[in-house]
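target-v5.cif (mmCIF, C-alpha atoms)
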```cif
data_model
loop_
_atom_site.label_atom_id
_atom_site.label_comp_id
_atom_site.auth_asym_id
_atom_site.auth_seq_id
_atom_site.Cartn_x
_atom_site.Cartn_y
_atom_site.Cartn_z
CA MET A 1 106.62 74.88 92.53
CA GLY A 2 103.31 75.46 94.26
CA LEU A 3 100.33 77.29 92.80
CA LYS A 4 100.91 80.09 95.30
CA LEU A 5 104.41 80.90 94.05
CA ALA A 6 103.51 80.34 90.38
CA ALA A 7 100.69 82.89 90.69
CA LEU A 8 102.96 85.27 92.61
CA LEU A 9 105.55 85.28 89.82
CA LYS A 10 102.90 85.98 87.18
CA SER A 11 101.44 88.93 89.06
CA LEU A 12 104.16 90.85 90.85
CA TRP A 13 102.80 94.06 92.36
CA VAL A 14 105.61 96.45 93.00
CA PHE A 15 105.99 99.04 95.74
CA HIS A 16 108.63 101.57 94.91
CA LEU A 17 110.61 102.94 97.84
CA SER A 18 113.20 105.65 97.56
CA THR A 19 115.51 105.77 100.58
CA GLY A 20 117.11 109.04 99.58
CA SER A 21 118.22 108.51 96.00
CA CYS A 22 118.91 111.22 93.43
CA ASN A 23 115.67 110.17 91.58
CA ASN A 24 117.52 108.85 88.56
CA CYS A 25 116.80 105.22 89.42
CA ASP A 26 113.18 106.14 90.20
CA ILE A 27 112.77 107.67 86.75
CA GLU A 28 114.20 104.50 85.17
CA VAL A 29 111.79 102.36 87.21
CA LEU A 30 108.87 104.41 85.92
CA ASP A 31 110.26 104.06 82.37
CA CYS A 32 109.61 100.32 82.62
CA LEU A 33 105.88 101.05 82.85
CA THR A 34 105.77 103.21 79.72
CA PRO A 35 104.47 101.81 76.40
CA ARG A 36 108.00 101.17 75.12
CA PHE A 37 108.85 98.61 77.80
CA ASP A 38 105.38 97.89 79.27
CA VAL A 39 106.05 95.52 82.16
CA GLU A 40 102.29 95.15 82.69
CA ARG A 41 102.39 92.46 80.00
CA PHE A 42 104.11 90.29 82.65
CA GLY A 43 101.45 91.22 85.20
CA ILE A 44 103.68 93.73 86.96
CA LEU A 45 101.81 96.70 88.42
CA LEU A 46 103.01 99.65 90.45
CA VAL A 47 100.89 99.92 93.62
CA GLY A 48 100.68 102.83 96.00
CA SER A 49 99.98 100.95 99.22
CA ILE A 50 102.61 98.77 100.89
CA LYS A 51 99.84 96.35 101.96
CA HIS A 52 99.18 95.43 98.31
CA ALA A 53 102.84 94.87 97.42
CA ASP A 54 104.66 91.65 96.55
CA VAL A 55 107.97 93.25 95.66
CA LEU A 56 109.75 96.03 97.50
CA LEU A 57 111.93 98.01 95.10
CA VAL A 58 114.55 99.91 97.06
CA THR A 59 116.53 102.71 95.46
CA GLY A 60 119.04 105.04 97.06
CA SER A 61 121.60 104.76 99.84
CA ALA A 62 119.70 104.22 103.05
CA ASN A 63 120.65 107.02 105.42
CA ARG A 64 120.25 107.17 109.18
CA LYS A 65 116.74 108.61 108.94
CA SER A 66 115.38 106.29 106.29
CA MET A 67 116.92 103.09 107.75
CA GLN A 68 114.16 102.87 110.37
CA ARG A 69 111.49 103.47 107.74
CA VAL A 70 112.89 100.77 105.45
CA LYS A 71 112.74 98.26 108.30
CA ARG A 72 109.19 99.26 109.22
CA LEU A 73 108.00 99.07 105.61
CA TYR A 74 109.62 95.64 105.18
CA GLU A 75 107.68 94.41 108.20
CA GLN A 76 104.43 95.71 106.67
CA VAL A 77 104.69 93.84 103.36
CA PRO A 78 102.35 90.83 103.38
CA LYS A 79 104.53 87.73 103.10
CA PRO A 80 105.62 86.01 100.84
CA CYS A 81 107.44 89.04 99.50
CA LEU A 82 110.61 89.79 97.57
CA VAL A 83 113.08 92.65 97.81
CA VAL A 84 114.95 94.15 94.86
CA ALA A 85 117.76 96.68 95.30
CA ILE A 86 118.11 98.98 92.30
CA GLY A 87 121.11 101.12 91.50
CA GLU A 88 124.62 101.55 92.79
CA CYS A 89 123.56 103.46 95.92
CA ALA A 90 121.24 100.70 97.11
CA LEU A 91 123.82 98.02 96.31
CA SER A 92 126.92 99.49 97.88
CA ARG A 93 126.09 103.09 98.82
CA GLY A 94 127.86 104.28 95.63
CA MET A 95 129.51 107.67 96.05
CA PHE A 96 128.13 107.97 99.57
CA ILE A 97 130.21 105.07 100.87
CA HIS A 98 132.36 107.36 103.04
CA SER A 99 129.47 109.52 104.17
CA TYR A 100 128.82 109.92 107.90
CA ASN A 101 125.11 109.53 107.16
CA CYS A 102 125.14 106.17 105.33
CA PRO A 103 126.40 103.60 107.82
CA LEU A 104 125.03 100.45 106.14
CA PRO A 105 124.12 99.28 102.62
CA VAL A 106 120.47 98.23 102.12
CA ASP A 107 121.19 94.49 102.24
CA ARG A 108 122.51 94.80 105.79
CA ILE A 109 119.20 96.36 106.87
CA ILE A 110 116.69 94.04 105.16
CA PRO A 111 117.26 90.79 103.20
CA VAL A 112 117.66 91.55 99.48
CA ASP A 113 116.77 88.95 96.83
CA VAL A 114 118.08 90.54 93.64
CA TYR A 115 120.62 93.29 92.96
CA ILE A 116 120.36 95.41 89.81
CA PRO A 117 123.57 97.40 89.32
CA GLY A 118 123.92 100.59 87.32
CA CYS A 119 123.89 104.32 87.91
CA PRO A 120 121.08 104.39 86.93
CA PRO A 121 120.33 100.90 85.52
CA LYS A 122 118.65 100.96 82.12
CA PRO A 123 115.02 99.73 81.92
CA GLU A 124 116.35 96.67 80.04
CA ALA A 125 118.58 95.92 83.03
CA ILE A 126 115.61 96.23 85.39
CA ILE A 127 113.55 93.82 83.27
CA ALA A 128 116.53 91.42 83.21
CA GLY A 129 116.63 91.75 87.00
CA VAL A 130 112.97 90.73 87.21
CA LEU A 131 113.81 87.63 85.14
CA LYS A 132 116.66 86.86 87.56
CA LEU A 133 114.19 87.20 90.41
CA THR A 134 111.80 84.72 88.77
CA ALA A 135 114.64 82.25 88.15
CA LYS A 136 115.80 82.59 91.73
CA VAL A 137 112.37 81.95 93.23
CA LYS A 138 111.87 78.95 90.92
CA GLY A 139 115.26 77.58 91.97
CA ARG A 140 114.44 78.07 95.61
CA ALA A 141 111.11 76.31 95.25
CA ARG A 142 112.62 73.28 93.55
CA MET B 1 67.22 74.36 92.49
CA ALA B 2 67.66 77.70 94.20
CA LEU B 3 71.05 76.58 95.52
CA LEU B 4 72.08 75.54 92.01
CA TYR B 5 71.24 78.99 90.70
CA LEU B 6 73.10 80.62 93.59
CA LEU B 7 76.29 78.59 93.22
CA ALA B 8 76.49 77.76 89.51
CA PHE B 9 75.15 81.02 88.07
CA GLY B 10 75.41 83.50 90.93
CA VAL B 11 78.97 82.68 91.99
CA VAL B 12 80.89 80.60 89.45
CA LEU B 13 79.57 81.90 86.12
CA THR B 14 79.33 85.51 87.28
CA ALA B 15 82.84 85.45 88.74
CA THR B 16 84.28 83.92 85.57
CA LEU B 17 82.53 86.39 83.28
CA GLY B 18 83.30 89.31 85.58
CA LEU B 19 87.01 88.49 85.74
CA LEU B 20 87.12 87.99 81.96
CA ALA B 21 85.39 91.37 81.52
CA SER B 22 87.93 93.11 83.74
CA GLY B 23 90.73 91.31 81.89
CA LEU B 24 89.28 92.64 78.64
CA ASP B 25 89.13 96.08 80.23
CA ARG B 26 92.83 95.96 81.10
CA LYS B 27 93.77 94.60 77.67
CA VAL B 28 91.76 97.23 75.76
CA THR B 29 93.07 100.01 78.02
CA ALA B 30 96.61 98.83 77.25
CA ARG B 31 95.92 98.76 73.51
CA ILE B 32 94.48 102.29 73.65
CA GLN B 33 97.74 103.41 75.28
CA TYR B 34 99.83 101.61 72.57
CA ARG B 35 100.93 98.90 75.01
CA VAL B 36 100.76 95.13 74.71
CA GLY B 37 98.99 94.71 78.02
CA PRO B 38 98.54 91.75 80.34
CA PRO B 39 96.99 88.47 79.16
CA LEU B 40 93.19 88.19 79.30
CA TRP B 41 93.33 85.83 82.30
CA GLN B 42 95.53 88.17 84.38
CA PRO B 43 92.69 88.94 86.90
CA PHE B 44 92.40 85.19 87.67
CA ILE B 45 96.15 85.05 88.44
CA ASP B 46 95.86 88.15 90.63
CA ILE B 47 93.02 86.59 92.65
CA VAL B 48 94.91 83.29 93.15
CA LYS B 49 98.03 85.20 94.18
CA LEU B 50 96.14 87.41 96.66
CA LEU B 51 94.51 84.33 98.22
CA GLY B 52 97.99 82.99 99.01
CA LYS B 53 99.19 86.16 100.71
CA GLU B 54 99.29 87.09 104.36
CA ASN B 55 96.24 88.82 105.91
CA LEU B 56 97.30 91.90 107.84
CA VAL B 57 95.02 93.77 110.25
CA PRO B 58 96.01 97.36 111.00
CA ALA B 59 96.73 98.06 114.67
CA GLY B 60 93.63 99.30 116.48
CA ALA B 61 91.21 98.41 113.68
CA SER B 62 87.94 96.61 114.34
CA LYS B 63 88.68 93.09 113.11
CA ILE B 64 85.04 91.99 112.60
CA THR B 65 84.06 95.03 110.56
CA PHE B 66 87.35 95.03 108.66
CA PHE B 67 86.96 91.44 107.45
CA GLY B 68 83.14 91.50 107.43
CA ALA B 69 82.83 94.40 105.00
CA PRO B 70 84.19 92.60 101.89
CA LEU B 71 81.97 89.61 102.70
CA VAL B 72 78.85 91.81 102.87
CA GLY B 73 79.70 93.37 99.49
CA PHE B 74 80.40 89.98 97.92
CA ALA B 75 77.16 88.46 99.27
CA SER B 76 75.01 91.27 97.89
CA VAL B 77 76.62 91.07 94.43
CA VAL B 78 76.05 87.30 94.39
CA LEU B 79 72.37 87.82 95.30
CA VAL B 80 71.87 90.43 92.55
CA SER B 81 73.51 88.24 89.93
CA THR B 82 71.41 85.25 90.99
CA LEU B 83 68.20 87.31 90.67
CA LEU B 84 69.25 88.54 87.22
CA TRP B 85 70.13 85.04 85.99
CA VAL B 86 66.85 83.58 87.30
CA ASN B 87 64.90 86.30 85.52
CA ASN B 88 66.75 85.86 82.25
CA LEU B 89 66.63 82.04 82.27
CA THR B 90 63.16 81.31 83.67
CA PRO B 91 61.27 84.64 83.94
CA SER B 92 58.29 83.05 85.72
CA HIS B 93 60.34 81.77 88.69
CA SER B 94 60.97 85.18 90.24
CA PHE B 95 58.91 87.14 92.77
CA GLY B 96 57.05 90.45 92.41
CA GLY B 97 59.02 93.60 93.13
CA ASP B 98 62.44 92.07 92.65
CA LEU B 99 63.52 95.16 90.69
CA ILE B 100 63.29 97.17 93.91
CA VAL B 101 65.23 94.49 95.80
CA VAL B 102 67.96 94.60 93.14
CA LEU B 103 68.14 98.41 93.40
CA TYR B 104 68.62 98.17 97.17
CA LEU B 105 71.17 95.36 96.90
CA LEU B 106 73.18 97.32 94.34
CA ALA B 107 73.77 100.06 96.94
CA ILE B 108 75.31 97.57 99.39
CA PRO B 109 78.72 97.07 97.68
CA SER B 110 79.37 100.81 98.04
CA ILE B 111 78.26 100.67 101.67
CA SER B 112 80.59 97.73 102.30
CA VAL B 113 83.46 99.73 100.82
CA MET B 114 82.64 102.55 103.25
CA MET B 115 82.46 100.10 106.19
CA GLY B 116 85.84 98.64 105.31
CA GLY B 117 87.38 102.04 104.76
CA PHE B 118 86.23 103.48 108.07
CA ALA B 119 87.09 100.27 109.97
CA SER B 120 90.68 100.21 108.74
CA ARG B 121 91.69 103.25 110.82
CA ASN B 122 93.73 104.87 108.09
CA PRO B 123 93.29 108.55 107.19
CA LEU B 124 93.51 107.84 103.46
CA ALA B 125 90.90 105.08 103.75
CA SER B 126 88.58 107.37 105.74
CA MET B 127 88.99 110.05 103.09
CA GLY B 128 88.14 107.56 100.36
CA ALA B 129 85.15 106.22 102.30
CA SER B 130 83.71 109.70 102.86
CA ARG B 131 84.11 110.45 99.15
CA GLU B 132 82.36 107.17 98.32
CA MET B 133 79.50 108.30 100.56
CA LYS B 134 79.16 111.62 98.72
CA LEU B 135 79.35 109.83 95.40
CA ILE B 136 76.58 107.34 96.25
CA LEU B 137 74.36 110.23 97.38
CA SER B 138 74.95 111.96 94.06
CA TYR B 139 74.38 109.14 91.54
CA GLU B 140 71.53 107.26 93.25
CA LEU B 141 68.81 109.80 92.24
CA PRO B 142 69.53 109.86 88.48
CA PHE B 143 70.05 106.08 88.51
CA ILE B 144 66.63 105.40 90.01
CA LEU B 145 65.00 107.93 87.64
CA ALA B 146 66.67 106.18 84.70
CA VAL B 147 65.43 102.79 85.94
CA LEU B 148 61.90 104.26 86.06
CA VAL B 149 61.89 104.69 82.27
CA PRO B 150 61.81 100.98 81.33
CA VAL B 151 59.28 100.45 84.14
CA ILE B 152 56.95 103.05 82.57
CA LYS B 153 57.63 101.78 79.05
CA THR B 154 56.66 98.18 79.88
CA GLY B 155 53.38 99.09 81.58
CA TYR B 156 54.54 99.61 85.19
CA ALA B 157 56.25 96.24 85.68
CA ILE B 158 58.33 96.02 88.85
CA ARG B 159 59.27 92.38 88.29
CA LEU B 160 62.38 91.93 86.15
CA GLY B 161 60.76 89.04 84.31
CA ASP B 162 57.81 91.26 83.32
CA LEU B 163 60.23 93.80 81.87
CA LEU B 164 61.59 91.20 79.45
CA GLY B 165 58.31 89.98 77.95
CA PRO B 166 57.05 93.31 76.51
CA GLN B 167 60.54 94.09 75.22
CA ALA B 168 60.62 90.79 73.31
CA GLN B 169 57.26 91.66 71.69
CA ASN B 170 57.33 95.43 71.14
CA GLY B 171 61.07 96.01 70.71
CA VAL B 172 63.64 97.03 73.28
CA VAL B 173 63.33 100.08 75.52
CA ALA B 174 66.60 101.50 74.18
CA GLY B 175 64.90 101.74 70.77
CA SER B 176 62.84 104.76 71.85
CA LEU B 177 63.96 108.35 72.50
CA SER B 178 63.37 108.25 76.25
CA GLY B 179 65.04 104.83 76.41
CA VAL B 180 68.23 106.05 74.75
CA LEU B 181 68.37 109.08 77.05
CA ALA B 182 67.80 106.93 80.14
CA LEU B 183 70.40 104.39 78.99
CA GLY B 184 72.97 107.18 78.67
CA VAL B 185 72.19 108.42 82.18
CA ALA B 186 72.33 104.86 83.53
CA ILE B 187 75.72 104.19 81.90
CA LEU B 188 77.15 107.32 83.58
CA CYS B 189 75.73 106.19 86.94
CA VAL B 190 77.14 102.68 86.43
CA GLN B 191 80.54 104.24 85.73
CA ALA B 192 80.32 105.97 89.12
CA LYS B 193 79.02 102.82 90.84
CA LEU B 194 81.98 100.85 89.49
CA GLY B 195 84.42 103.57 90.53
CA LEU B 196 85.89 103.80 87.03
CA VAL B 197 87.93 106.69 85.83
CA PRO B 198 85.97 109.90 85.49
CA PHE B 199 84.35 109.08 88.86
CA ASP B 200 87.10 107.11 90.62
CA VAL B 201 87.34 109.82 93.28
CA ALA B 202 86.96 107.30 96.11
CA GLU B 203 89.87 105.16 94.95
CA ALA B 204 92.01 107.88 93.40
CA GLU B 205 95.18 105.85 92.86
CA THR B 206 97.52 108.82 92.37
CA GLU B 207 96.01 110.95 95.09
CA ILE B 208 94.83 108.92 98.09
CA VAL B 209 96.69 105.73 97.12
CA SER B 210 93.71 103.40 96.72
CA GLY B 211 91.24 104.89 99.15
CA PRO B 212 89.21 102.46 101.25
CA LEU B 213 91.28 99.47 100.06
CA VAL B 214 94.56 100.91 101.29
CA GLU B 215 94.90 98.59 104.32
CA TYR B 216 93.52 95.42 102.72
CA SER B 217 95.86 92.56 101.86
CA GLY B 218 95.68 88.85 101.14
CA ALA B 219 92.32 87.07 100.95
CA ALA B 220 90.29 90.14 102.00
CA MET B 221 91.84 92.10 99.13
CA ALA B 222 91.11 89.19 96.77
CA LEU B 223 87.46 89.33 97.82
CA CYS B 224 87.34 93.11 97.23
CA LYS B 225 88.86 92.69 93.75
CA LEU B 226 86.51 89.81 92.94
CA THR B 227 83.47 91.81 94.08
CA LYS B 228 84.54 94.70 91.89
CA SER B 229 85.00 92.49 88.82
CA MET B 230 81.68 90.75 89.41
CA LEU B 231 80.00 94.13 89.78
CA LEU B 232 81.37 95.10 86.36
CA PHE B 233 79.50 92.14 84.86
CA VAL B 234 76.38 92.39 87.04
CA LEU B 235 75.71 96.10 86.47
CA LEU B 236 76.07 95.79 82.69
CA PHE B 237 73.86 92.68 82.75
CA PHE B 238 71.30 94.70 84.74
CA LEU B 239 71.34 97.47 82.12
CA MET B 240 70.99 94.83 79.40
CA THR B 241 67.93 93.39 81.14
CA LEU B 242 66.34 96.80 81.66
CA PHE B 243 67.04 98.52 78.36
CA MET B 244 68.08 95.92 75.79
CA GLY B 245 65.80 92.96 76.30
CA GLY B 246 68.26 90.85 78.29
CA LEU B 247 69.50 87.43 77.27
CA ARG B 248 67.41 84.80 75.51
CA TRP B 249 68.46 81.17 75.28
CA ASN B 250 67.74 80.26 71.69
CA GLY B 251 70.38 80.09 69.00
CA MET B 252 71.11 83.48 67.51
CA HIS B 253 69.76 85.43 70.52
CA LEU B 254 72.64 84.11 72.64
CA VAL B 255 75.09 85.75 70.23
CA TYR B 256 73.03 88.97 70.32
CA GLY B 257 73.16 88.86 74.12
CA LEU B 258 76.94 88.55 74.05
CA LEU B 259 77.17 91.42 71.55
CA LYS B 260 74.97 93.63 73.76
CA PHE B 261 77.22 92.92 76.73
CA VAL B 262 80.46 93.55 74.82
CA GLY B 263 78.99 96.75 73.37
CA LEU B 264 78.10 98.13 76.80
CA LEU B 265 81.52 97.07 78.11
CA ALA B 266 83.20 98.87 75.21
CA VAL B 267 81.29 102.08 75.99
CA VAL B 268 82.36 101.87 79.65
CA ILE B 269 86.00 101.21 78.70
CA VAL B 270 86.08 104.09 76.20
CA ILE B 271 84.57 106.54 78.71
CA ARG B 272 87.14 105.35 81.25
CA ASN B 273 90.07 105.85 78.90
CA THR B 274 89.16 109.22 77.40
CA ASN B 275 88.38 111.20 80.53
CA PRO B 276 90.42 112.62 83.39
CA ARG B 277 89.30 112.18 86.98
CA VAL B 278 86.82 114.78 88.26
CA ARG B 279 86.91 116.20 91.77
CA ILE B 280 84.21 115.05 94.19
CA ASP B 281 82.41 118.42 94.12
CA GLN B 282 82.40 118.37 90.32
CA ALA B 283 81.00 114.83 90.36
CA VAL B 284 78.20 115.78 92.78
CA ARG B 285 77.33 118.89 90.75
CA PHE B 286 77.37 116.86 87.52
CA PHE B 287 75.00 114.18 88.83
CA TRP B 288 72.61 116.46 90.72
CA GLY B 289 72.64 119.04 87.92
CA ARG B 290 72.88 117.97 84.31
CA VAL B 291 72.44 114.20 84.67
CA ALA B 292 69.40 114.53 86.96
CA VAL B 293 67.81 116.95 84.45
CA TRP B 294 68.39 114.49 81.60
CA ALA B 295 66.90 111.71 83.71
CA VAL B 296 63.79 113.82 84.49
CA VAL B 297 63.42 114.66 80.79
CA ALA B 298 63.65 110.95 79.96
CA VAL B 299 60.95 110.10 82.53
CA VAL B 300 58.64 112.85 81.16
CA LEU B 301 59.21 111.64 77.59
CA ALA B 302 58.41 108.08 78.70
CA PHE B 303 55.14 109.34 80.26
CA LEU B 304 54.29 111.02 76.95
CA GLY B 305 54.93 107.69 75.21
CA LYS B 306 57.96 108.78 73.22
#
```
Mind converting the file's structure to structure tokens?
Amino acid sequence: MGLKLAALLKSLWVFHLSTGSCNNCDIEVLDCLTPRFDVERFGILLVGSIKHADVLLVTGSANRKSMQRVKRLYEQVPKPCLVVAIGECALSRGMFIHSYNCPLPVDRIIPVDVYIPGCPPKPEAIIAGVLKLTAKVKGRAR
Amino acid sequence: MALLYLLAFGVVLTATLGLLASGLDRKVTARIQYRVGPPLWQPFIDIVKLLGKENLVPAGASKITFFGAPLVGFASVVLVSTLLWVNNLTPSHSFGGDLIVVLYLLAIPSISVMMGGFASRNPLASMGASREMKLILSYELPFILAVLVPVIKTGYAIRLGDLLGPQAQNGVVAGSLSGVLALGVAILCVQAKLGLVPFDVAEAETEIVSGPLVEYSGAAMALCKLTKSMLLFVLLFFLMTLFMGGLRWNGMHLVYGLLKFVGLLAVVIVIRNTNPRVRIDQAVRFFWGRVAVWAVVAVVLAFLGK
């Protein structure tokens, strides 16, 4: 594994994108930053600008309006970047699967690296997902 | 010899110490908030990571200014740190009036932030850059007044090396009443110069995302971060030289120098962690009002020999 990827995995800056979720997943994502879970000890920071991001966290079932925005934001992340889909809605559209407004799940719009299931996933599950992400990138680099 | 000072002390040593200082800042901040916090070397990892990322230029932005601005800021910080190291290592090797040069060069990082912000063609960045401009106009007056106090105290020396000699003989400037007052004013101004929390109006993370840095990515962002970390070290080293007798290279004095630096860093970190962000108008009123009055009082006291 190169120095570039090793450094990337030790300092993942996260951009948090809600594509129309009920905010439950978003609250759980923010819980990971609180003193109880404190993901900053792994170098993970929440950034406000997409240009600083290494990881795109997508929550919510992408609807017709937000689909275009998701694509545009994915194009704006400086590469190499990773995409994590959080919650049932982002994985499979959840209860909106028959909705007229949710034609595609997130992974058909942009490539997704790791799926974290749950409605909402617990902070422990999100941290486990980050570990999966690290393992996956290491496996890919080998 | 000059090149050695520039590369070994100005760039490598300053960058290492600056990144360690900002790592300490993050660690202590985390401990204050009952968190574990990132490892001390986290800023090094961040810089390496950012160097490996893609460089994006916003559509319609001026490419030369956009990438030139971080370079200008970095160059001026390197020059200031080289001047400070030369004066602390071999005080006789510097030139007359370098204190004034350092004061001018310390304004350039803020100007480079403004250049980059306005060049990136983003409304949030422009907002941040205009706030940075107001902030620099507000803190520059009290900062220069505070710097006048050690100059008066050491018999009107405008060479940094000449400031160190009298302090080694007659005790440090911060040991007198006017010195303590001026040091307090200078620490507040340094807090604003670094863009740390009570005065982080330009980079307000929760409000205008990250201000002038909003469009930066990859190596340009790494340079911005590095400049900021180096500035954290350089400004505190500058205050040490002015008010606390700087660094001397014999045995125990090296430990004292380290303690002075860590003490100043601790004050900055505690101010940063115990205050909410002020609005830009409050910051301007604070610096032009109360802080400027304290600085004038300190200068008058220094004239009276207190």
For this session: Specify as number ranges by chain all residues of chain B found within 12 Å of chain A, counting all atoms listed in the file.
Result: B: 23, 26-27, 29-59, 122, 124-125, 203-222, 225
Exercise. Got a sec: who's within 7 Å of range 161-163 of chain B, counting all atoms listed in the file, leaving out chain neighbours fewer than 6 positions off, as a count of residues only?
Worked result: 5
Exercise. If you apply the PyMOL selection byres ((chain A and resi 19) around 8) to this file, what residues do you get, as a list in words?
Worked result: Leu17, Ser18, Gly20, Ser21, Val58, Thr59, Gly60, Ser61, Ala62, Asn63, Ser66, Met67 and Val70 of chain A
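The result of the PyMOL selection byres ((chain A and resi 24) around 12) on the shown file is Ser18, Gly20, Ser21, Cys22, Asn23, Cys25, Asp26, Ile27, Glu28, Val29, Leu30, Asp31, Thr59, Gly60, Ile86, Gly87, Glu88, Cys89, Gly118, Cys119, Pro120, Pro121, Lys122 and Pro123 of chain A.
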Now that the selection is made, can you save its residues with C-alpha atoms as a PDB file, in the coordinates of the input?
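This went into part-v1.pdb:
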```
ATOM      1  CA  SER A  18     113.200 105.650  97.560  1.00  0.00           C
ATOM      2  CA  GLY A  20     117.110 109.040  99.580  1.00  0.00           C
ATOM      3  CA  SER A  21     118.220 108.510  96.000  1.00  0.00           C
ATOM      4  CA  CYS A  22     118.910 111.220  93.430  1.00  0.00           C
ATOM      5  CA  ASN A  23     115.670 110.170  91.580  1.00  0.00           C
ATOM      6  CA  CYS A  25     116.800 105.220  89.420  1.00  0.00           C
ATOM      7  CA  ASP A  26     113.180 106.140  90.200  1.00  0.00           C
ATOM      8  CA  ILE A  27     112.770 107.670  86.750  1.00  0.00           C
ATOM      9  CA  GLU A  28     114.200 104.500  85.170  1.00  0.00           C
ATOM     10  CA  VAL A  29     111.790 102.360  87.210  1.00  0.00           C
ATOM     11  CA  LEU A  30     108.870 104.410  85.920  1.00  0.00           C
ATOM     12  CA  ASP A  31     110.260 104.060  82.370  1.00  0.00           C
ATOM     13  CA  THR A  59     116.530 102.710  95.460  1.00  0.00           C
ATOM     14  CA  GLY A  60     119.040 105.040  97.060  1.00  0.00           C
ATOM     15  CA  ILE A  86     118.110  98.980  92.300  1.00  0.00           C
ATOM     16  CA  GLY A  87     121.110 101.120  91.500  1.00  0.00           C
ATOM     17  CA  GLU A  88     124.620 101.550  92.790  1.00  0.00           C
ATOM     18  CA  CYS A  89     123.560 103.460  95.920  1.00  0.00           C
ATOM     19  CA  GLY A 118     123.920 100.590  87.320  1.00  0.00           C
ATOM     20  CA  CYS A 119     123.890 104.320  87.910  1.00  0.00           C
ATOM     21  CA  PRO A 120     121.080 104.390  86.930  1.00  0.00           C
ATOM     22  CA  PRO A 121     120.330 100.900  85.520  1.00  0.00           C
ATOM     23  CA  LYS A 122     118.650 100.960  82.120  1.00  0.00           C
ATOM     24  CA  PRO A 123     115.020  99.730  81.920  1.00  0.00           C
TER      25      PRO A 123
END
```
For this session: Just the residues within 8 Å of Val112 in chain A, please, counting all atoms listed in the file, with nothing from its chain fewer than 5 positions along; format it as a ChimeraX atom specification.
Result: /A:82-85,106-107
For this session: Evaluate the PyMOL selection byres ((chain B and resi 164) around 12) on the structure here and hand back the selected residues as a ChimeraX atom specification.
Result: /B:84,87-92,150-151,153-155,157-163,165-173,238-248
Could you add whatever atoms are missing so that range 73-84 of chain A carries N, CA and C atoms, then write the result as a short mmCIF file (atom, residue, chain, number, x, y, z; two decimals), keeping the file's coordinate frame?
```
data_model
loop_
_atom_site.label_atom_id
_atom_site.label_comp_id
_atom_site.auth_asym_id
_atom_site.auth_seq_id
_atom_site.Cartn_x
_atom_site.Cartn_y
_atom_site.Cartn_z
N LEU A 73 108.75 99.41 106.83
CA LEU A 73 108.00 99.07 105.61
C LEU A 73 108.18 97.60 105.27
N TYR A 74 109.41 97.06 105.48
CA TYR A 74 109.62 95.64 105.18
C TYR A 74 108.72 94.78 106.05
N GLU A 75 108.54 95.19 107.32
CA GLU A 75 107.68 94.41 108.20
C GLU A 75 106.21 94.48 107.78
N GLN A 76 105.84 95.55 107.06
CA GLN A 76 104.43 95.71 106.67
C GLN A 76 104.06 95.01 105.38
N VAL A 77 105.05 94.53 104.61
CA VAL A 77 104.69 93.84 103.36
C VAL A 77 104.08 92.50 103.70
N PRO A 78 102.90 92.16 103.13
CA PRO A 78 102.35 90.83 103.38
C PRO A 78 103.26 89.77 102.79
N LYS A 79 103.62 88.76 103.58
CA LYS A 79 104.53 87.73 103.10
C LYS A 79 103.72 86.69 102.32
N PRO A 80 104.24 85.97 101.33
CA PRO A 80 105.62 86.01 100.84
C PRO A 80 105.91 87.27 100.04
N CYS A 81 107.08 87.85 100.26
CA CYS A 81 107.44 89.04 99.50
C CYS A 81 108.90 88.97 99.07
N LEU A 82 109.26 89.79 98.11
CA LEU A 82 110.61 89.79 97.57
C LEU A 82 111.15 91.21 97.64
N VAL A 83 112.47 91.33 97.73
CA VAL A 83 113.08 92.65 97.81
C VAL A 83 114.09 92.79 96.68
N VAL A 84 114.02 93.88 95.95
CA VAL A 84 114.95 94.15 94.86
C VAL A 84 115.65 95.46 95.16
#
```
